[in-house]
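Okay, so here's the structure we're looking at.
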Amino acid sequence: MPELTLFSNPQCHLCEEARQLLQGRHDSYRLKTVEIEGDLALVYRYGVRIPVLRREDSGAELDWPFDEAALSEFLSLPA
């Protein structure tokens, strides 16, 4: 089961859409959310890309926009 990190910001409607796509799949991953606001390094890296989903086992990242098909493929990638 992959461990995922969702990089987001408060009041980000796209981040909410990403969370909604992830909701029905709780049995296939563990999710941690990281708010980038207040961390200059994270803002520099992810500021214009959020929401970004990262697999902790491989470091692979999935930038928005993504849909159900892209998310399924991302979750099924080998570690």
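Identifiers for the structure tokens are assigned positionally: chains receive A, B, ... in sequence, residues are indexed from 1 per chain, and ligands are indexed from 1 in the order shown.
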- request: List the neighbours of region 9-21 of chain A out to 12 Å using only C-alpha atoms; skip same-chain residues closer than 2 positions along the sequence, and give me the result as a ChimeraX atom specification.
  value: /A:4-7,23-26,31-39,42-43,46-53,62-72
Convert the current residue selection to file output with N, CA and C atoms, as a CSV table (one decimal), in the first residue's frame.
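For reference, result14.csv as written:
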```csv
chain,number,residue,atom,x,y,z
A,4,LEU,N,1.2,8.2,0.4
A,4,LEU,CA,1.1,9.4,-0.5
A,4,LEU,C,1.1,10.7,0.4
A,5,THR,N,1.7,11.7,-0.2
A,5,THR,CA,1.7,13.0,0.3
A,5,THR,C,1.0,14.0,-0.7
A,6,LEU,N,0.0,14.7,-0.2
A,6,LEU,CA,-0.7,15.7,-1.0
A,6,LEU,C,-0.3,17.0,-0.5
A,7,PHE,N,0.4,17.7,-1.4
A,7,PHE,CA,0.9,19.1,-1.2
A,7,PHE,C,-0.2,20.0,-1.6
A,23,GLN,N,-10.9,10.2,-2.2
A,23,GLN,CA,-11.8,9.7,-1.1
A,23,GLN,C,-12.2,8.3,-1.2
A,24,GLY,N,-12.6,7.9,-2.4
A,24,GLY,CA,-13.1,6.5,-2.5
A,24,GLY,C,-12.1,5.4,-2.6
A,25,ARG,N,-10.8,5.8,-2.3
A,25,ARG,CA,-9.7,4.8,-2.5
A,25,ARG,C,-8.9,4.6,-1.2
A,26,HIS,N,-9.5,4.9,-0.1
A,26,HIS,CA,-8.7,4.8,1.2
A,26,HIS,C,-8.1,3.4,1.5
A,31,LEU,N,-2.6,8.4,3.2
A,31,LEU,CA,-2.5,9.8,2.8
A,31,LEU,C,-2.0,10.7,3.9
A,32,LYS,N,-1.1,11.6,3.6
A,32,LYS,CA,-0.6,12.6,4.5
A,32,LYS,C,-0.8,13.9,3.7
A,33,THR,N,-1.3,15.0,4.3
A,33,THR,CA,-1.5,16.3,3.6
A,33,THR,C,-0.5,17.2,4.2
A,34,VAL,N,0.2,17.9,3.3
A,34,VAL,CA,1.2,19.0,3.7
A,34,VAL,C,0.8,20.3,3.2
A,35,GLU,N,0.5,21.3,4.1
A,35,GLU,CA,0.2,22.6,3.6
A,35,GLU,C,1.5,23.3,3.4
A,36,ILE,N,1.7,23.8,2.1
A,36,ILE,CA,3.0,24.4,1.8
A,36,ILE,C,3.1,25.9,2.3
A,37,GLU,N,2.0,26.5,2.6
A,37,GLU,CA,2.0,27.9,3.1
A,37,GLU,C,2.9,28.0,4.3
A,38,GLY,N,3.8,29.0,4.3
A,38,GLY,CA,4.6,29.2,5.4
A,38,GLY,C,6.0,28.5,5.3
A,39,ASP,N,6.2,27.7,4.3
A,39,ASP,CA,7.4,27.0,4.1
A,39,ASP,C,8.0,27.4,2.7
A,42,LEU,N,9.0,24.8,0.2
A,42,LEU,CA,7.8,24.1,-0.4
A,42,LEU,C,7.0,25.0,-1.4
A,43,VAL,N,6.9,26.3,-1.0
A,43,VAL,CA,6.2,27.2,-1.9
A,43,VAL,C,7.0,27.4,-3.2
A,46,TYR,N,6.5,23.9,-5.1
A,46,TYR,CA,5.1,23.4,-5.4
A,46,TYR,C,4.1,24.6,-5.6
A,47,GLY,N,4.5,25.8,-5.4
A,47,GLY,CA,3.5,26.9,-5.4
A,47,GLY,C,2.6,27.0,-6.6
A,48,VAL,N,3.1,26.9,-7.8
A,48,VAL,CA,2.3,27.0,-9.0
A,48,VAL,C,1.8,25.6,-9.5
A,49,ARG,N,2.2,24.6,-8.8
A,49,ARG,CA,1.8,23.2,-9.2
A,49,ARG,C,0.7,22.6,-8.4
A,50,ILE,N,0.4,23.1,-7.2
A,50,ILE,CA,-0.5,22.4,-6.3
A,50,ILE,C,-1.9,22.3,-7.0
A,51,PRO,N,-2.6,21.2,-6.6
A,51,PRO,CA,-2.2,20.2,-5.7
A,51,PRO,C,-1.2,19.2,-6.5
A,52,VAL,N,-0.3,18.7,-5.7
A,52,VAL,CA,0.7,17.7,-6.2
A,52,VAL,C,0.6,16.5,-5.3
A,53,LEU,N,0.5,15.3,-5.9
A,53,LEU,CA,0.5,14.1,-5.1
A,53,LEU,C,1.8,13.4,-5.3
A,62,LEU,N,2.6,13.5,-9.1
A,62,LEU,CA,1.5,13.6,-10.1
A,62,LEU,C,0.9,15.1,-9.8
A,63,ASP,N,1.1,15.9,-10.8
A,63,ASP,CA,0.7,17.3,-10.8
A,63,ASP,C,-0.8,17.4,-11.2
A,64,TRP,N,-1.5,18.4,-10.7
A,64,TRP,CA,-2.8,18.7,-11.2
A,64,TRP,C,-2.7,19.4,-12.5
A,65,PRO,N,-3.5,19.1,-13.5
A,65,PRO,CA,-4.8,18.4,-13.3
A,65,PRO,C,-4.6,16.9,-13.5
A,66,PHE,N,-5.3,16.1,-12.7
A,66,PHE,CA,-5.4,14.7,-12.9
A,66,PHE,C,-6.8,14.2,-12.7
A,67,ASP,N,-7.2,13.1,-13.3
A,67,ASP,CA,-8.5,12.5,-13.2
A,67,ASP,C,-8.4,11.1,-12.7
A,68,GLU,N,-9.6,10.4,-12.6
A,68,GLU,CA,-9.6,9.1,-12.1
A,68,GLU,C,-8.6,8.1,-12.8
A,69,ALA,N,-8.6,8.2,-14.1
A,69,ALA,CA,-7.7,7.3,-14.9
A,69,ALA,C,-6.2,7.6,-14.5
A,70,ALA,N,-5.8,8.9,-14.5
A,70,ALA,CA,-4.4,9.2,-14.2
A,70,ALA,C,-4.1,8.8,-12.8
A,71,LEU,N,-5.0,9.0,-11.8
A,71,LEU,CA,-4.8,8.6,-10.4
A,71,LEU,C,-4.7,7.1,-10.3
A,72,SER,N,-5.5,6.3,-11.0
A,72,SER,CA,-5.4,4.9,-11.0
A,72,SER,C,-4.1,4.4,-11.5
```
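Reported to one decimal place, the separation of CA of Arg54 (chain A) from CA of Leu40 (chain A) is 18.5 Å.
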Test item: residues at most 8 Å from Leu75 (chain A), only C-alpha atoms, excluding those fewer than 5 positions along its chain, as a list in words: Pro2, Ser28 and Tyr29 of chain A
Filtered DSSP result for chain A, state helix (DSSP H, G or I), as a ChimeraX atom specification: /A:13-23,26-28,40-46,68-75
Generate the output file for the selected residues, C-alpha atoms, as a compact mmCIF listing (two decimals), in the first residue's frame.
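And here's result32.txt as it stands now:
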```txt
# COMPACT_ATOMS: atom_id res chain seq x y z
CA HIS A 13 -10.43 24.64 -4.51
CA LEU A 14 -8.29 22.47 -6.80
CA CYS A 15 -6.85 20.76 -3.71
CA GLU A 16 -10.39 19.98 -2.60
CA GLU A 17 -11.10 18.43 -6.00
CA ALA A 18 -7.99 16.28 -5.65
CA ARG A 19 -9.09 15.14 -2.17
CA GLN A 20 -12.50 14.20 -3.57
CA LEU A 21 -10.86 12.00 -6.21
CA LEU A 22 -8.85 10.29 -3.46
CA GLN A 23 -11.80 9.74 -1.09
CA HIS A 26 -8.73 4.80 1.20
CA ASP A 27 -8.04 1.06 1.09
CA SER A 28 -5.32 1.45 -1.57
CA LEU A 40 9.40 28.96 1.50
CA ALA A 41 11.15 25.89 0.11
CA LEU A 42 7.83 24.11 -0.45
CA VAL A 43 6.21 27.24 -1.87
CA TYR A 44 9.11 27.58 -4.30
CA ARG A 45 8.91 23.93 -5.33
CA TYR A 46 5.11 23.43 -5.43
CA GLU A 68 -9.61 9.09 -12.08
CA ALA A 69 -7.70 7.34 -14.87
CA ALA A 70 -4.44 9.20 -14.19
CA LEU A 71 -4.83 8.60 -10.45
CA SER A 72 -5.42 4.87 -10.97
CA GLU A 73 -2.33 4.59 -13.14
CA PHE A 74 -0.27 6.58 -10.61
CA LEU A 75 -1.39 4.35 -7.72
```
Which of chain A DSSP labels strand (DSSP E), written as a list of chain:residue names: A:Glu3, A:Leu4, A:Thr5, A:Leu6, A:Phe7, A:Ser8, A:Arg30, A:Leu31, A:Lys32, A:Thr33, A:Val34, A:Glu35, A:Val52, A:Leu53, A:Arg54, A:Arg55, A:Glu61, A:Leu62, A:Asp63
Save out the residues we just selected, C-alpha atoms, as a PDB file, in the first residue's frame.
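Written output follows (again.pdb):
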```pdb
ATOM      1  CA  GLU A   3       2.108   6.145   1.240  1.00  0.00           C
ATOM      2  CA  LEU A   4       1.082   9.393  -0.462  1.00  0.00           C
ATOM      3  CA  THR A   5       1.673  13.035   0.348  1.00  0.00           C
ATOM      4  CA  LEU A   6      -0.716  15.657  -0.983  1.00  0.00           C
ATOM      5  CA  PHE A   7       0.885  19.093  -1.160  1.00  0.00           C
ATOM      6  CA  SER A   8      -1.778  21.748  -0.908  1.00  0.00           C
ATOM      7  CA  ARG A  30      -2.168   6.044   3.166  1.00  0.00           C
ATOM      8  CA  LEU A  31      -2.457   9.808   2.771  1.00  0.00           C
ATOM      9  CA  LYS A  32      -0.643  12.649   4.493  1.00  0.00           C
ATOM     10  CA  THR A  33      -1.481  16.260   3.625  1.00  0.00           C
ATOM     11  CA  VAL A  34       1.194  18.952   3.750  1.00  0.00           C
ATOM     12  CA  GLU A  35       0.203  22.610   3.639  1.00  0.00           C
ATOM     13  CA  VAL A  52       0.678  17.698  -6.175  1.00  0.00           C
ATOM     14  CA  LEU A  53       0.474  14.072  -5.110  1.00  0.00           C
ATOM     15  CA  ARG A  54       3.782  12.333  -4.278  1.00  0.00           C
ATOM     16  CA  ARG A  55       4.429   8.626  -3.754  1.00  0.00           C
ATOM     17  CA  GLU A  61       4.823  13.064  -8.407  1.00  0.00           C
ATOM     18  CA  LEU A  62       1.474  13.644 -10.063  1.00  0.00           C
ATOM     19  CA  ASP A  63       0.681  17.295 -10.766  1.00  0.00           C
TER      20      ASP A  63
END
```
